[in-house]
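Only one structure is covered here, and it is reproduced in the block below.
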Amino acid sequence: MKKDILTLSDLSEADVQRLLTRAAELKKRHRQGIADRPLAGKTVGLLFDKPSTRTRISFEAGTAQLGGTPIFINAKDTQISRGEPVKDVARVFSRYLDALVIRTYAQSLIEEFAKFSTIPVINALSDLYHPCQVLSDIMTVIEHKGRYKNLKIVWVGDGNNVAHSWMNAAAVLGLNLVLACPEGYFPDPAIAERALAKKCGSISMTSNPAEAVKDADVVYTDVWVSMGDKESEDKKKEFQAFQVNAELLKHASKEVIVMHCLPAHRGEEISEDVMEGPRSVVWDQAENKLHLHKAVLDILIEG
Ligand code: CP
Ligand code: NVA
């Protein structure tokens, strides 16, 4: 496995399977009350430039559960906010820490950190990607469906960072992925092109959510306005037909699971009844972030 996780396309299918296997093992052991301490004496930095409920706390709790020490670093409190070059900060952090988890706007900033760091750098969300989210989501898909291949996985909503990571996952794992987005909100064409060029799995796009969701095994949605996007009432109007609600789910398989990386905006991208209903697996998704993040730290730091 490479030193860092910057995008899901950095990983091979074997790397993903190794992470998923370790995460499942760690989840089982955690539930049995067995405390593994592979990170004893290790320190993990979390450099965050955007808010977080799940990713921050699951990485912090996960580090502590594995015997390590997490340090939360608000990017605004560092000299980076006063112009200190990333290449300098990366080399300094590498002398103090054993891994660095970064959430920020520009993907290029995370990549620059990785280039100048001697420690693993982990992307905890950028404007372009959210790789660890989708890795833990695949763990949830396996728990509920027993597999990730030969399923119809449908993304409904904005062609955003999480959608980009799903496209990368489709290309690495051979998934059958359909994206239903309003015109003008499809994923970044360059990212789509790179994923399609791998000729692995199938990725298709449409602006017709009902058609996309037909016989779907997995329906996934996310906020219409991501962190850093401009709030816009017009955009919300354009997305009205893309709400994941009971009506839309009539087209899906009866056994469909509904996924959302959270935070959710009930009444926008998902209806209250679907969010709280029997097809929703959102709390399992949120839990699996903890186990998957522990596997990432264990494998990247300890090898
Ligand atoms: N899903 C997710 O990344 O949530 P947070 O923004 O709360 O970390
Ligand atoms: N697309 C969302 C995901 C949040 C976890 C955002 O970037 O705000």
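Chain labels run A, B, ... following the order of the structure tokens; each chain numbers its residues from 1, and ligands are numbered from 1 in the order shown.
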* Could you please write out, as a PyMOL selection string, every residue of range 42-275 of chain A that DSSP assigns to strand (DSSP E)? => chain A and resi 43-48+69-74+99-103+121-123+152-156+176-180+202-206+218-221+257-260
Once you have the residues from the selection above, write them out as a short mmCIF file (atom, residue, chain, number, x, y, z; two decimals), in the first residue's frame, restricted to C-alpha atoms.
```cif
data_model
loop_
_atom_site.label_atom_id
_atom_site.label_comp_id
_atom_site.auth_asym_id
_atom_site.auth_seq_id
_atom_site.Cartn_x
_atom_site.Cartn_y
_atom_site.Cartn_z
CA THR A 43 0.66 10.41 17.90
CA VAL A 44 -1.87 11.25 15.18
CA GLY A 45 -2.45 14.88 14.14
CA LEU A 46 -5.83 16.01 12.79
CA LEU A 47 -5.45 19.23 10.82
CA PHE A 48 -8.98 20.52 10.11
CA THR A 69 -2.72 9.97 21.20
CA PRO A 70 -4.75 12.19 18.86
CA ILE A 71 -3.98 15.90 18.59
CA PHE A 72 -6.65 18.11 17.02
CA ILE A 73 -5.13 21.04 15.14
CA ASN A 74 -7.43 23.84 14.02
CA ALA A 99 0.36 10.30 10.84
CA LEU A 100 -1.54 13.38 9.71
CA VAL A 101 -5.27 13.43 8.92
CA ILE A 102 -6.32 16.51 6.92
CA ARG A 103 -9.72 18.06 6.15
CA VAL A 121 -1.14 11.68 5.14
CA ILE A 122 -4.84 10.80 5.10
CA ASN A 123 -7.51 12.77 3.25
CA LYS A 152 -26.91 -1.49 -8.54
CA ILE A 153 -25.58 1.44 -6.53
CA VAL A 154 -27.30 4.73 -7.30
CA TRP A 155 -26.09 8.17 -6.33
CA VAL A 156 -28.92 10.74 -6.24
CA ASN A 176 -22.07 -0.88 -11.02
CA LEU A 177 -22.67 2.82 -10.27
CA VAL A 178 -25.38 5.11 -11.65
CA LEU A 179 -25.33 8.82 -10.84
CA ALA A 180 -28.55 10.85 -11.08
CA SER A 202 -19.73 0.46 -14.99
CA ILE A 203 -20.45 4.13 -14.37
CA SER A 204 -23.41 5.87 -16.00
CA MET A 205 -25.10 9.23 -15.51
CA THR A 206 -28.62 10.53 -16.00
CA VAL A 218 -28.32 0.89 -2.78
CA VAL A 219 -29.55 4.49 -2.96
CA TYR A 220 -27.08 7.08 -1.69
CA THR A 221 -27.59 10.78 -1.21
CA ILE A 257 -30.70 0.20 1.53
CA VAL A 258 -30.64 3.99 1.80
CA MET A 259 -27.33 5.62 2.62
CA HIS A 260 -26.29 9.16 3.54
#
```
Show me, as a Markdown table, the residues of chain A having an atom within 9 Å of ligand 1, each with the closest atom pair and its distance in Å, using only C-alpha atoms and all ligand atoms.
```
| residue | atom | partner | partner_atom_place_in_ligand_line | distance |
| --- | --- | --- | --- | --- |
| A:Lys50 | CA | ligand 1 | 6 (O) | 8.1 |
| A:Pro51 | CA | ligand 1 | 6 (O) | 6.3 |
| A:Ser52 | CA | ligand 1 | 8 (O) | 3.8 |
| A:Thr53 | CA | ligand 1 | 7 (O) | 3.3 |
| A:Arg54 | CA | ligand 1 | 7 (O) | 3.9 |
| A:Thr55 | CA | ligand 1 | 8 (O) | 3.6 |
| A:Arg56 | CA | ligand 1 | 8 (O) | 5.8 |
| A:Ile57 | CA | ligand 1 | 8 (O) | 7.8 |
| A:Ser58 | CA | ligand 1 | 8 (O) | 8.4 |
| A:Arg103 | CA | ligand 1 | 8 (O) | 8.9 |
| A:Ala124 | CA | ligand 1 | 3 (O) | 7.4 |
| A:Leu125 | CA | ligand 1 | 3 (O) | 7.0 |
| A:His130 | CA | ligand 1 | 3 (O) | 7.5 |
| A:Cys132 | CA | ligand 1 | 3 (O) | 8.5 |
| A:Gln133 | CA | ligand 1 | 3 (O) | 6.3 |
| A:Met227 | CA | ligand 1 | 6 (O) | 8.7 |
| A:His260 | CA | ligand 1 | 1 (N) | 8.0 |
| A:Cys261 | CA | ligand 1 | 1 (N) | 4.3 |
| A:Leu262 | CA | ligand 1 | 1 (N) | 4.8 |
| A:Pro263 | CA | ligand 1 | 4 (O) | 6.0 |
| A:Gln285 | CA | ligand 1 | 1 (N) | 8.7 |
| A:Ala286 | CA | ligand 1 | 1 (N) | 7.1 |
| A:Lys289 | CA | ligand 1 | 1 (N) | 8.2 |
```
* Could you pull the residues within 12 Å of Val296 in chain A, counting only C-alpha atoms, minus those fewer than 3 positions along the same chain, as a ChimeraX atom specification? -> /A:1-5,11,15-24,26,39,44,58-59,62-63,66,99-101,120-124,131-133,135-136,289-293,299-303
* Test item: residues at most 6 Å from range 158-175 of chain A, only C-alpha atoms, excluding those fewer than 2 positions along its chain, as a list of chain:residue names -> A:Leu8, A:Ser9, A:Glu13, A:Asp127, A:Leu128, A:Tyr129, A:His130, A:Pro131, A:Lys149, A:Leu177, A:Cys181, A:Tyr185, A:Phe186, A:Pro187, A:Ala195, A:Lys198, A:Cys200, A:Gly201, A:Trp224
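Each of A:Gly267, A:Gly146, A:Gly157, A:Pro278 was compared to ligand 2 using only C-alpha atoms and all ligand atoms, and A:Gly157 turns out to be the nearest.
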* To do: Would you list, as JSON, numbers by chain, the residues of range 250-296 of chain A that end up in helix (DSSP H, G or I) under DSSP run on this structure's backbone?
  => {"A": [272, 273, 274, 275, 276, 282, 283, 284, 285, 286, 287, 288, 289, 290, 291, 292, 293, 294, 295, 296]}
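Distance check against Phe93 in chain A using only C-alpha atoms: of A:Ala40, A:Leu297, A:Leu151, A:Ala114, the minimum falls on A:Ala114.
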* Asked: For ligand 2, which residue among A:Asp229, A:Glu268, A:Glu255, A:Glu211 is the nearest when counting only C-alpha atoms and all ligand atoms?
  -> A:Asp229
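For the residues A:Gly228, A:Asp222, A:Ala295, A:His144, ranking by smallest atom-to-atom distance to Ala264 in chain A using only C-alpha atoms places A:Asp222 first.
Closest to ligand 2 among A:Arg279, A:Arg194, A:His265, A:Lys236 is A:His265, based on only C-alpha atoms and all ligand atoms.
Minimum distance to ligand 2 across A:Leu6, A:Leu248, A:Ala106, A:Ile142 (counting only C-alpha atoms and all ligand atoms) occurs at A:Ala106.
CA of Ala252 in chain A is found 21.3 Å from CA of Val134 in chain A.
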* One decimal, Å: what's the distance from CA of Gln65 in chain A over to CA of Ala35 in chain A, could you say? => 7.0 Å
* To do: Do a neighbour search on range 273-277 of chain A at 8 Å with only C-alpha atoms, toss out local chain neighbours closer than 6 positions, and write the hits as an MDAnalysis selection string.
  => chainID A and resid 244:246 258 266
* With a distance cut-off of 7 Å and only C-alpha atoms, select the neighbouring residues of Val86 in chain A, excluding the residue or stretch itself and same-chain residues fewer than 3 positions from it, and output the selection as an NGL selection string. => :A and (80 or 89-90 or 112-113)
